[in-house]
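Dropping query-v4.cif in here (mmCIF, C-alpha atoms and all ligand atoms):
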```cif
data_upload
loop_
_atom_site.label_atom_id
_atom_site.label_comp_id
_atom_site.auth_asym_id
_atom_site.auth_seq_id
_atom_site.Cartn_x
_atom_site.Cartn_y
_atom_site.Cartn_z
CA MET A 1 -14.99 -28.47 4.29
CA ILE A 2 -18.23 -26.80 5.27
CA ARG A 3 -20.70 -25.09 2.97
CA ILE A 4 -19.61 -21.48 2.50
CA PRO A 5 -22.72 -19.75 3.94
CA LYS A 6 -22.36 -21.88 7.09
CA ALA A 7 -19.03 -20.21 7.88
CA PHE A 8 -20.75 -16.83 8.32
CA ALA A 9 -22.84 -15.70 11.30
CA SER A 10 -25.53 -13.11 11.95
CA SER A 11 -24.07 -11.70 15.18
CA TYR A 12 -20.73 -11.41 16.96
CA ALA A 13 -21.89 -13.90 19.61
CA LYS A 14 -22.70 -16.54 16.98
CA ALA A 15 -19.52 -15.81 15.02
CA ARG A 16 -17.45 -16.30 18.15
CA VAL A 17 -19.05 -19.69 18.84
CA LYS A 18 -18.42 -20.81 15.25
CA PHE A 19 -14.82 -19.71 15.44
CA LEU A 20 -14.09 -21.37 18.78
CA GLU A 21 -15.83 -24.59 17.71
CA ALA A 22 -13.92 -24.70 14.42
CA ALA A 23 -10.62 -23.96 16.21
CA ALA A 24 -11.29 -26.70 18.78
CA THR A 25 -12.35 -29.26 16.14
CA ALA A 26 -9.16 -28.51 14.21
CA GLY A 27 -7.13 -29.18 17.36
CA THR A 28 -5.51 -25.74 17.37
CA HIS A 29 -4.02 -24.00 20.39
CA ILE A 30 -6.68 -21.50 21.58
CA GLU A 31 -6.31 -18.50 23.86
CA SER A 32 -8.91 -15.81 24.65
CA PHE A 33 -8.19 -12.27 25.77
CA ASN A 34 -11.34 -11.05 27.50
CA HIS A 35 -12.66 -7.56 26.92
CA PRO A 36 -13.79 -5.50 29.95
CA LEU A 37 -17.22 -4.53 28.57
CA PRO A 38 -20.26 -6.69 27.69
CA GLY A 39 -21.50 -7.21 24.15
CA ARG A 40 -24.74 -6.06 22.56
CA GLU A 41 -26.57 -9.18 23.81
CA GLY A 42 -24.76 -9.12 27.16
CA GLU A 43 -22.27 -11.72 25.93
CA GLN A 44 -18.58 -11.97 26.79
CA LEU A 45 -16.37 -10.14 24.31
CA ALA A 46 -12.85 -11.28 23.54
CA LEU A 47 -10.01 -11.22 21.08
CA ASP A 48 -9.73 -14.97 20.43
CA VAL A 49 -6.50 -16.47 19.15
CA ALA A 50 -6.08 -19.85 17.46
CA LEU A 51 -2.65 -21.11 16.44
CA ASP A 52 -2.75 -23.85 13.82
CA GLY A 53 0.64 -25.51 13.48
CA ASP A 54 4.04 -25.67 15.11
CA PRO A 55 4.52 -22.92 17.75
CA GLN A 56 8.20 -22.78 16.74
CA ALA A 57 7.57 -22.55 12.99
CA LYS A 58 9.90 -20.12 11.21
CA ARG A 59 7.13 -19.07 8.84
CA LEU A 60 4.04 -17.56 10.36
CA LEU A 61 0.92 -16.38 8.55
CA ILE A 62 -1.42 -14.11 10.52
CA VAL A 63 -5.05 -13.99 9.37
CA SER A 64 -7.01 -11.37 11.31
CA SER A 65 -10.61 -10.15 11.39
CA GLY A 66 -12.66 -7.38 12.93
CA CYS A 67 -10.07 -4.60 13.13
CA HIS A 68 -13.04 -2.45 12.17
CA GLY A 69 -15.64 -4.15 14.35
CA VAL A 70 -18.67 -4.56 12.10
CA GLU A 71 -16.39 -5.60 9.22
CA GLY A 72 -15.80 -8.78 11.23
CA PHE A 73 -18.84 -10.55 9.74
CA CYS A 74 -16.73 -11.04 6.62
CA GLY A 75 -13.39 -11.83 8.22
CA SER A 76 -14.86 -14.24 10.74
CA GLY A 77 -16.46 -16.20 7.90
CA VAL A 78 -13.08 -16.47 6.17
CA GLN A 79 -11.42 -17.73 9.35
CA VAL A 80 -14.14 -20.28 10.17
CA PHE A 81 -14.06 -21.61 6.62
CA ALA A 82 -10.25 -21.90 6.69
CA LEU A 83 -10.27 -23.85 9.97
CA HIS A 84 -12.62 -26.37 8.32
CA ASP A 85 -10.61 -26.46 5.08
CA SER A 86 -8.48 -29.61 5.25
CA GLU A 87 -6.81 -28.95 1.89
CA TRP A 88 -5.63 -25.52 3.06
CA ARG A 89 -4.49 -26.84 6.45
CA GLU A 90 -2.51 -29.65 4.85
CA LYS A 91 -0.88 -27.26 2.40
CA ALA A 92 0.20 -24.90 5.22
CA ARG A 93 1.52 -27.76 7.30
CA SER A 94 3.55 -29.26 4.47
CA ALA A 95 5.06 -25.85 3.66
CA GLY A 96 6.14 -25.39 7.30
CA ILE A 97 3.72 -22.50 7.80
CA ALA A 98 1.98 -21.98 11.15
CA VAL A 99 -1.24 -19.95 10.91
CA LEU A 100 -2.25 -17.52 13.64
CA TYR A 101 -5.94 -16.63 13.46
CA LEU A 102 -6.88 -13.46 15.34
CA HIS A 103 -10.66 -13.34 15.70
CA ALA A 104 -12.24 -9.92 16.36
CA LEU A 105 -9.37 -7.50 16.94
CA ASN A 106 -12.09 -5.04 17.94
CA PRO A 107 -14.77 -7.28 19.48
CA TYR A 108 -16.69 -4.35 20.95
CA GLY A 109 -17.30 -2.80 17.53
CA PHE A 110 -18.15 -6.18 16.00
CA SER A 111 -20.80 -6.92 18.62
CA HIS A 112 -22.23 -3.40 18.84
CA LEU A 113 -22.24 -2.94 15.04
CA ARG A 114 -19.71 -0.12 15.07
CA ARG A 115 -16.60 0.35 12.97
CA VAL A 116 -14.79 1.91 15.92
CA THR A 117 -13.71 0.63 19.34
CA GLN A 118 -15.43 1.40 22.66
CA GLU A 119 -13.19 4.51 22.80
CA ASN A 120 -14.77 5.71 19.50
CA VAL A 121 -11.39 5.07 17.90
CA ASP A 122 -10.58 3.77 14.45
CA LEU A 123 -8.15 1.02 15.47
CA ASN A 124 -6.36 1.27 12.15
CA ARG A 125 -5.41 4.91 12.88
CA ASN A 126 -4.39 4.24 16.52
CA PHE A 127 -0.88 2.80 16.14
CA LEU A 128 1.05 6.01 16.69
CA ASP A 129 3.65 7.15 19.17
CA PHE A 130 1.39 9.44 21.21
CA SER A 131 4.37 11.07 22.93
CA LYS A 132 4.99 12.84 19.61
CA PRO A 133 2.77 15.39 17.85
CA VAL A 134 -0.14 13.65 16.06
CA PRO A 135 -0.80 14.13 12.32
CA ASP A 136 -2.91 17.10 11.34
CA ASN A 137 -6.02 16.74 9.18
CA ALA A 138 -7.32 20.24 8.62
CA ASP A 139 -9.63 19.07 5.82
CA TYR A 140 -11.56 16.94 8.31
CA GLY A 141 -11.96 19.89 10.67
CA ARG A 142 -13.61 21.92 7.92
CA ILE A 143 -16.33 19.35 7.26
CA HIS A 144 -16.80 17.88 10.77
CA PRO A 145 -19.91 20.01 11.53
CA LEU A 146 -21.39 18.98 8.20
CA LEU A 147 -20.80 15.28 8.91
CA LEU A 148 -22.57 15.25 12.27
CA PRO A 149 -25.55 17.61 12.11
CA GLU A 150 -27.95 18.27 15.00
CA THR A 151 -30.63 16.02 13.55
CA TRP A 152 -30.53 12.68 11.74
CA PRO A 153 -31.37 11.97 8.98
CA PRO A 154 -29.78 15.21 7.76
CA ASP A 155 -32.13 18.03 6.76
CA ASP A 156 -32.30 19.51 3.26
CA ALA A 157 -29.78 22.25 4.02
CA ASN A 158 -27.22 19.71 5.23
CA ARG A 159 -27.84 17.48 2.23
CA ALA A 160 -27.37 20.40 -0.15
CA ALA A 161 -24.14 21.52 1.56
CA THR A 162 -22.76 17.98 1.49
CA GLN A 163 -23.59 17.57 -2.18
CA ALA A 164 -22.03 20.95 -2.94
CA PHE A 165 -18.75 19.83 -1.34
CA ILE A 166 -18.73 16.62 -3.37
CA ASP A 167 -19.65 18.45 -6.60
CA GLN A 168 -16.88 21.00 -6.07
CA ASN A 169 -14.10 18.71 -4.84
CA GLY A 170 -15.04 15.23 -6.02
CA VAL A 171 -15.88 12.04 -4.14
CA LYS A 172 -12.16 11.20 -3.70
CA ALA A 173 -11.58 14.40 -1.76
CA TRP A 174 -14.70 13.80 0.36
CA GLN A 175 -13.47 10.28 1.15
CA ALA A 176 -9.89 11.41 1.86
CA ALA A 177 -10.90 14.27 4.19
CA ILE A 178 -13.12 11.95 6.21
CA SER A 179 -11.14 8.70 6.20
CA ALA A 180 -7.47 9.75 6.33
CA GLY A 181 -7.62 9.75 10.13
CA GLN A 182 -7.98 12.69 12.54
CA TYR A 183 -6.85 13.26 16.12
CA GLU A 184 -8.83 16.35 17.06
CA PHE A 185 -12.54 15.44 17.33
CA SER A 186 -13.00 12.58 19.82
CA GLY A 187 -16.66 12.14 18.84
CA GLY A 188 -15.93 12.39 15.13
CA LEU A 189 -15.37 9.90 12.34
CA PHE A 190 -12.06 8.06 11.78
CA TYR A 191 -10.74 9.39 15.10
CA GLY A 192 -7.33 7.89 15.86
CA GLY A 193 -7.49 8.49 19.63
CA ASN A 194 -5.09 10.14 22.05
CA ALA A 195 -3.67 6.93 23.56
CA PRO A 196 -3.45 3.24 22.65
CA THR A 197 -6.89 1.59 22.92
CA TRP A 198 -7.73 -1.71 24.61
CA SER A 199 -7.57 -3.45 21.22
CA ASN A 200 -4.16 -1.89 20.49
CA HIS A 201 -2.71 -3.01 23.85
CA THR A 202 -4.24 -6.46 23.50
CA LEU A 203 -3.03 -7.02 19.95
CA ARG A 204 0.50 -6.09 20.97
CA GLN A 205 0.28 -8.47 23.90
CA VAL A 206 -0.86 -11.27 21.56
CA LEU A 207 1.91 -10.57 19.06
CA SER A 208 4.58 -10.50 21.78
CA ARG A 209 3.51 -14.02 22.75
CA TYR A 210 3.09 -15.61 19.33
CA VAL A 211 5.36 -14.12 16.71
CA ASN A 212 8.88 -13.67 18.09
CA HIS A 213 10.19 -17.11 17.03
CA ALA A 214 9.32 -16.54 13.34
CA ASN A 215 11.80 -15.13 10.86
CA GLN A 216 9.27 -14.72 8.04
CA ILE A 217 5.88 -13.26 8.85
CA ALA A 218 2.98 -12.76 6.44
CA TRP A 219 -0.24 -10.99 7.43
CA ILE A 220 -3.64 -10.94 5.73
CA ASP A 221 -5.90 -8.47 7.52
CA LEU A 222 -9.54 -8.77 6.40
CA HIS A 223 -11.66 -5.66 5.77
CA THR A 224 -14.80 -4.55 3.95
CA GLY A 225 -16.34 -1.35 2.63
CA LEU A 226 -14.12 -0.12 -0.21
CA GLY A 227 -14.21 -0.80 -3.93
CA PRO A 228 -16.55 -2.72 -6.27
CA GLN A 229 -18.93 -5.18 -4.63
CA GLY A 230 -17.41 -8.61 -4.02
CA VAL A 231 -13.96 -7.63 -5.30
CA GLY A 232 -11.15 -8.13 -2.78
CA GLU A 233 -8.58 -5.40 -3.30
CA ARG A 234 -5.15 -6.45 -2.04
CA ILE A 235 -3.68 -3.37 -0.44
CA HIS A 236 -0.06 -3.46 0.64
CA ALA A 237 -0.08 -3.38 4.45
CA GLY A 238 3.23 -1.92 5.43
CA ARG A 239 5.38 1.17 5.39
CA ASP A 240 6.36 2.90 2.16
CA ASN A 241 9.08 0.34 1.45
CA ALA A 242 9.83 -0.70 -2.14
CA GLU A 243 11.33 -4.06 -1.20
CA ALA A 244 8.34 -5.15 0.91
CA LEU A 245 5.92 -3.93 -1.76
CA ALA A 246 7.81 -5.86 -4.45
CA ARG A 247 7.65 -9.01 -2.31
CA ALA A 248 3.91 -8.53 -1.74
CA ARG A 249 3.42 -8.20 -5.51
CA HIS A 250 5.54 -11.25 -6.16
CA TRP A 251 3.39 -13.32 -3.77
CA TRP A 252 -0.06 -11.86 -4.29
CA GLY A 253 0.15 -10.52 -7.83
CA ASP A 254 0.93 -7.26 -9.63
CA GLY A 255 -2.54 -6.10 -8.68
CA VAL A 256 -1.41 -5.40 -5.10
CA THR A 257 -2.12 -1.70 -4.60
CA SER A 258 -0.44 0.84 -2.34
CA ILE A 259 -1.80 3.81 -0.43
CA HIS A 260 1.59 5.48 -0.96
CA ASP A 261 1.43 5.78 -4.74
CA GLY A 262 -2.29 6.47 -5.23
CA SER A 263 -3.00 3.03 -6.76
CA SER A 264 -5.33 1.99 -3.92
CA SER A 265 -8.99 2.91 -3.53
CA SER A 266 -8.01 3.71 0.06
CA ALA A 267 -6.82 7.20 0.96
CA LEU A 268 -3.35 7.77 2.47
CA LEU A 269 -3.76 6.84 6.15
CA THR A 270 -1.89 7.30 9.44
CA GLY A 271 -1.34 5.14 12.57
CA LEU A 272 -1.79 1.75 10.92
CA LEU A 273 -2.31 -1.53 12.77
CA TRP A 274 0.44 -3.51 11.07
CA TYR A 275 3.13 -1.18 12.45
CA SER A 276 2.68 -3.31 15.60
CA ILE A 277 4.64 -6.13 13.97
CA GLU A 278 7.84 -4.06 13.97
CA GLU A 279 7.86 -3.93 17.76
CA ALA A 280 6.90 -7.61 18.20
CA ALA A 281 9.33 -9.06 15.66
CA PRO A 282 11.89 -6.40 14.73
CA ASN A 283 14.21 -8.86 12.97
CA ALA A 284 11.63 -10.82 11.00
CA GLN A 285 10.97 -10.27 7.32
CA TYR A 286 7.41 -8.94 7.25
CA THR A 287 5.04 -8.91 4.24
CA GLY A 288 1.35 -8.07 4.50
CA ILE A 289 -1.84 -7.06 2.77
CA ALA A 290 -5.19 -5.76 3.81
CA LEU A 291 -7.76 -7.73 1.83
CA GLU A 292 -10.50 -5.16 1.35
CA TYR A 293 -13.82 -6.36 -0.09
CA GLY A 294 -16.26 -4.00 -1.76
CA THR A 295 -19.83 -3.81 -0.49
CA GLU A 296 -21.69 -0.55 -1.26
CA PRO A 297 -20.66 2.74 -2.98
CA VAL A 298 -18.33 4.87 -0.89
CA VAL A 299 -20.81 7.71 -0.32
CA GLU A 300 -23.30 5.21 1.14
CA ILE A 301 -20.56 3.76 3.38
CA LEU A 302 -19.68 7.20 4.67
CA ASP A 303 -23.34 8.12 5.24
CA ALA A 304 -23.89 4.89 7.18
CA LEU A 305 -20.90 5.79 9.36
CA ARG A 306 -22.16 9.34 9.87
CA GLY A 307 -25.47 7.95 11.09
CA ASP A 308 -23.76 5.57 13.49
CA HIS A 309 -21.57 8.31 14.95
CA TRP A 310 -24.58 10.59 15.24
CA LEU A 311 -26.37 7.82 17.17
CA ALA A 312 -23.41 7.39 19.54
CA LEU A 313 -23.65 11.12 20.31
CA HIS A 314 -27.47 10.94 20.68
CA PRO A 315 -28.32 7.96 22.89
CA GLU A 316 -31.76 9.52 23.41
CA ALA A 317 -32.67 8.76 19.76
CA PRO A 318 -35.93 6.82 19.30
CA ALA A 319 -35.47 3.04 19.26
CA GLU A 320 -36.84 2.71 15.73
CA LEU A 321 -34.34 5.24 14.34
CA ALA A 322 -31.51 3.55 16.27
CA ALA A 323 -32.48 0.16 14.80
CA GLN A 324 -32.54 1.65 11.26
CA ILE A 325 -29.09 3.15 11.74
CA LYS A 326 -27.69 -0.17 12.98
CA GLU A 327 -29.24 -2.11 10.11
CA ARG A 328 -27.81 0.38 7.65
CA ILE A 329 -24.25 0.10 8.99
CA ARG A 330 -24.40 -3.70 9.06
CA HIS A 331 -25.57 -3.73 5.43
CA ALA A 332 -22.87 -1.20 4.49
CA PHE A 333 -20.07 -3.50 5.67
CA TYR A 334 -21.59 -6.93 5.14
CA THR A 335 -23.31 -8.04 1.94
CA ASP A 336 -25.34 -10.90 3.35
CA THR A 337 -25.82 -12.90 0.14
CA ASP A 338 -24.48 -16.28 -0.95
CA PRO A 339 -22.75 -14.98 -4.13
CA TRP A 340 -20.86 -12.32 -2.16
CA LYS A 341 -19.78 -14.84 0.46
CA GLY A 342 -18.60 -17.16 -2.32
CA GLN A 343 -16.46 -14.35 -3.79
CA VAL A 344 -15.08 -13.53 -0.33
CA ILE A 345 -14.02 -17.09 0.42
CA SER A 346 -12.51 -17.87 -2.97
CA GLN A 347 -10.35 -14.73 -3.01
CA ALA A 348 -9.24 -15.08 0.62
CA ARG A 349 -8.40 -18.73 0.08
CA GLN A 350 -6.33 -17.86 -2.97
CA ALA A 351 -4.44 -15.15 -1.04
CA MET A 352 -3.72 -17.59 1.79
CA PHE A 353 -2.39 -20.22 -0.62
CA GLN A 354 -0.16 -17.58 -2.28
CA SER A 355 1.47 -16.46 0.98
CA PHE A 356 5.25 -16.86 1.08
CA GLY A 357 5.33 -17.11 -2.70
CA GLU A 358 4.43 -20.78 -2.64
ZN ZN B 401 -11.64 -1.83 7.55
#
```

Could you quickly redo this structure as structure tokens?
Ligand SMILES: [Zn+2]
Amino acid sequence: MIRIPKAFASSYAKARVKFLEAAATAGTHIESFNHPLPGREGEQLALDVALDGDPQAKRLLIVSSGCHGVEGFCGSGVQVFALHDSEWREKARSAGIAVLYLHALNPYGFSHLRRVTQENVDLNRNFLDFSKPVPDNADYGRIHPLLLPETWPPDDANRAATQAFIDQNGVKAWQAAISAGQYEFSGGLFYGGNAPTWSNHTLRQVLSRYVNHANQIAWIDLHTGLGPQGVGERIHAGRDNAEALARARHWWGDGVTSIHDGSSSSALLTGLLWYSIEEAAPNAQYTGIALEYGTEPVVEILDALRGDHWLALHPEAPAELAAQIKERIRHAFYTDTDPWKGQVISQARQAMFQSFGE
């Protein structure tokens, strides 16, 4: 066991070191998939994999972090803590469960304090068959110019127009229009891309190597930025399938929400990451959740993202403004306090222990 705050890091580079050290100390099998671009401090970026347990185990639990880059501060802390947690490791071993830790699915976004990949893509909207027509999100198109004004911070006219939209349609509609996923504006928010990204290809490569022997697969994908602060919402991570949802609720409690029936604080989304498991292990029984921890109110989250996208489109922005925007997005997705970290670890640990209905 380590002290909870020690499991968390203040940068991607430090988080990666903590993860690799913890994985090595635990004697896990480690493999790194290097990213082609450098990190914010010039460091090597990678999707790092640690397999704890029997490579032939029939039950496999995937615990993944950093799908949304900057959200990785939270997920990395959970993974580092788990690798030091001898009680958890013993429990998994005795139940015949191998645990596959995927550290920084989107290492570029983690390091550069972005929610998106280097392609400006929301990785969790990118798992589509791009040979087919992409989903349409006309609501996003209507507000795109409002989201990314010429100047940042937004001027009074932009602020008034934004507020008018929210007053007329409600915060839920504002959130849904922005976050559902869109495939039209490559510089915009929650852009799903027009092809599989590096992170998409790499994740599928990892899964093809590590999951095909398992006949029962559970997945806990760690996220932040939705819901009440410190509360980990368990959102069913799978297709609209009653049997899989019932199993998720049996394992992780009746509180497991679904984006398909409106019970989740997340909007209905397209192109989701966990669809990748179907290709990697078509015959396995799959059950998953996104564990989504609240940080700040949703309007603040969306404003922090607007600023970050504006900055990506305006590299000429003054350094001081750029630093403010980066600090704001980090704060939006990572509540850097001991109580919050304590809530994160205890809820993640509980979810891990509950996997497979044990
Ligand atoms: Zn997320």

TODO: Write out as a list of chain:residue names which residues come within 7 Å of segment 249-263 of chain A when counting all atoms listed in the file, dropping same-chain ones fewer than 3 positions away.
DONE: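 My list of contacting residues is A:Arg234, A:Ile235, A:His236, A:Asp240, A:Leu245, A:Ala246, A:Ser266, A:Ala267, A:Leu268, A:Ala351, A:Gln354, A:Ser355, A:Phe356, A:Gly357.
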
Give me a file of those residues, with C-alpha atoms, as an mmCIF file, in the frame of the given file.
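part-v3.cif, written as the output of this step:
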```
data_model
loop_
_atom_site.group_PDB
_atom_site.id
_atom_site.type_symbol
_atom_site.label_atom_id
_atom_site.label_comp_id
_atom_site.auth_asym_id
_atom_site.auth_seq_id
_atom_site.Cartn_x
_atom_site.Cartn_y
_atom_site.Cartn_z
ATOM 1 C CA ARG A 234 -5.150 -6.450 -2.040
ATOM 2 C CA ILE A 235 -3.680 -3.370 -0.440
ATOM 3 C CA HIS A 236 -0.060 -3.460 0.640
ATOM 4 C CA ASP A 240 6.360 2.900 2.160
ATOM 5 C CA LEU A 245 5.920 -3.930 -1.760
ATOM 6 C CA ALA A 246 7.810 -5.860 -4.450
ATOM 7 C CA SER A 266 -8.010 3.710 0.060
ATOM 8 C CA ALA A 267 -6.820 7.200 0.960
ATOM 9 C CA LEU A 268 -3.350 7.770 2.470
ATOM 10 C CA ALA A 351 -4.440 -15.150 -1.040
ATOM 11 C CA GLN A 354 -0.160 -17.580 -2.280
ATOM 12 C CA SER A 355 1.470 -16.460 0.980
ATOM 13 C CA PHE A 356 5.250 -16.860 1.080
ATOM 14 C CA GLY A 357 5.330 -17.110 -2.700
#
```

Task: Nearby residues, (-14.6, 12.6, -1.0) file frame, 10 Å, only C-alpha atoms, as a PyMOL selection string - done: chain A and resi 165-167+169-179+267+298-299+302

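Minimum atom-to-atom distances from A:Val99, A:Ala290, A:Val344, A:Ala23 to ligand ZN 401 (chain B) were compared using only C-alpha atoms and all ligand atoms, and the lowest value belongs to A:Ala290.
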
Task: Residue among A:Gly288, A:Pro315, A:Pro282, A:Gly72 lying closest to Lys14 of chain A, counting all atoms listed in the file - done: A:Gly72

- [ ] Find the residues near Leu113 of chain A: any atom within 10 Å, counting all atoms listed in the file, skip ones fewer than 2 places away on the same chain, and give them as a count of residues only.
- [x] 24

Open item on the list: I'd like the neighbourhood of Ile220 of chain A as a PyMOL selection string, where a residue qualifies if any of its atoms comes within 12 Å (using only C-alpha atoms), though same-chain residues fewer than 4 positions away should be ignored.
Closed with: chain A and resi 60-65+67+75+78-79+99-102+232-238+248+252+273-274+286-292+347-356

Store the residues of this selection in a file with C-alpha atoms, as a PDB file, in the coordinates of the input.
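So again-v2.pdb came out as:
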```
ATOM      1  CA  LEU A  60       4.040 -17.560  10.360  1.00  0.00           C
ATOM      2  CA  LEU A  61       0.920 -16.380   8.550  1.00  0.00           C
ATOM      3  CA  ILE A  62      -1.420 -14.110  10.520  1.00  0.00           C
ATOM      4  CA  VAL A  63      -5.050 -13.990   9.370  1.00  0.00           C
ATOM      5  CA  SER A  64      -7.010 -11.370  11.310  1.00  0.00           C
ATOM      6  CA  SER A  65     -10.610 -10.150  11.390  1.00  0.00           C
ATOM      7  CA  CYS A  67     -10.070  -4.600  13.130  1.00  0.00           C
ATOM      8  CA  GLY A  75     -13.390 -11.830   8.220  1.00  0.00           C
ATOM      9  CA  VAL A  78     -13.080 -16.470   6.170  1.00  0.00           C
ATOM     10  CA  GLN A  79     -11.420 -17.730   9.350  1.00  0.00           C
ATOM     11  CA  VAL A  99      -1.240 -19.950  10.910  1.00  0.00           C
ATOM     12  CA  LEU A 100      -2.250 -17.520  13.640  1.00  0.00           C
ATOM     13  CA  TYR A 101      -5.940 -16.630  13.460  1.00  0.00           C
ATOM     14  CA  LEU A 102      -6.880 -13.460  15.340  1.00  0.00           C
ATOM     15  CA  GLY A 232     -11.150  -8.130  -2.780  1.00  0.00           C
ATOM     16  CA  GLU A 233      -8.580  -5.400  -3.300  1.00  0.00           C
ATOM     17  CA  ARG A 234      -5.150  -6.450  -2.040  1.00  0.00           C
ATOM     18  CA  ILE A 235      -3.680  -3.370  -0.440  1.00  0.00           C
ATOM     19  CA  HIS A 236      -0.060  -3.460   0.640  1.00  0.00           C
ATOM     20  CA  ALA A 237      -0.080  -3.380   4.450  1.00  0.00           C
ATOM     21  CA  GLY A 238       3.230  -1.920   5.430  1.00  0.00           C
ATOM     22  CA  ALA A 248       3.910  -8.530  -1.740  1.00  0.00           C
ATOM     23  CA  TRP A 252      -0.060 -11.860  -4.290  1.00  0.00           C
ATOM     24  CA  LEU A 273      -2.310  -1.530  12.770  1.00  0.00           C
ATOM     25  CA  TRP A 274       0.440  -3.510  11.070  1.00  0.00           C
ATOM     26  CA  TYR A 286       7.410  -8.940   7.250  1.00  0.00           C
ATOM     27  CA  THR A 287       5.040  -8.910   4.240  1.00  0.00           C
ATOM     28  CA  GLY A 288       1.350  -8.070   4.500  1.00  0.00           C
ATOM     29  CA  ILE A 289      -1.840  -7.060   2.770  1.00  0.00           C
ATOM     30  CA  ALA A 290      -5.190  -5.760   3.810  1.00  0.00           C
ATOM     31  CA  LEU A 291      -7.760  -7.730   1.830  1.00  0.00           C
ATOM     32  CA  GLU A 292     -10.500  -5.160   1.350  1.00  0.00           C
ATOM     33  CA  GLN A 347     -10.350 -14.730  -3.010  1.00  0.00           C
ATOM     34  CA  ALA A 348      -9.240 -15.080   0.620  1.00  0.00           C
ATOM     35  CA  ARG A 349      -8.400 -18.730   0.080  1.00  0.00           C
ATOM     36  CA  GLN A 350      -6.330 -17.860  -2.970  1.00  0.00           C
ATOM     37  CA  ALA A 351      -4.440 -15.150  -1.040  1.00  0.00           C
ATOM     38  CA  MET A 352      -3.720 -17.590   1.790  1.00  0.00           C
ATOM     39  CA  PHE A 353      -2.390 -20.220  -0.620  1.00  0.00           C
ATOM     40  CA  GLN A 354      -0.160 -17.580  -2.280  1.00  0.00           C
ATOM     41  CA  SER A 355       1.470 -16.460   0.980  1.00  0.00           C
ATOM     42  CA  PHE A 356       5.250 -16.860   1.080  1.00  0.00           C
TER      43      PHE A 356
END
```

- [ ] Go through A:Ala15, A:Leu51, A:Ile30, A:Ala280 one by one, measure the shortest atom-to-atom distance of each to Ile97 of chain A using only C-alpha atoms, and give the residue with the smallest value.
- [x]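 With only C-alpha atoms as the atom set, the closest residue is A:Leu51.
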
Please identify all polymer residues within 7 Å of Ile301 of chain A, counting all atoms listed in the file, omitting same-chain residues fewer than 5 positions from it, and present them as an mmCIF file with C-alpha atoms, in the coordinates of the input.
```
data_model
loop_
_atom_site.group_PDB
_atom_site.id
_atom_site.type_symbol
_atom_site.label_atom_id
_atom_site.label_comp_id
_atom_site.auth_asym_id
_atom_site.auth_seq_id
_atom_site.Cartn_x
_atom_site.Cartn_y
_atom_site.Cartn_z
ATOM 1 C CA GLY A 225 -16.340 -1.350 2.630
ATOM 2 C CA GLU A 296 -21.690 -0.550 -1.260
ATOM 3 C CA ALA A 332 -22.870 -1.200 4.490
#
```

Task: Coordinates-based distance that separates atom CA of Gln44 of chain A from atom CA of His314 of chain A (Å, one decimal) - done: 25.3 Å

TODO: Give me, please, the distance in Å between atom CA of Val231 of chain A and atom CA of Arg125 of chain A, quoted to one decimal.
DONE: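 Here the two named atoms are 23.7 Å from each other.
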
Task: Residue nearest ligand ZN 401 (chain B) among A:Asp122, A:Asp139, A:Asp155, A:Glu90 (counting all atoms listed in the file) - done: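 Checking each candidate against ligand ZN 401 (chain B), we get A:Asp122 as the closest.
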
Task: Residue with smallest distance to Glu87 of chain A - pool A:Phe33, A:Asp336, A:Met1, A:Lys341, counting all atoms listed in the file - done: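 The shortest atom-to-atom distance to Glu87 of chain A comes from A:Met1.
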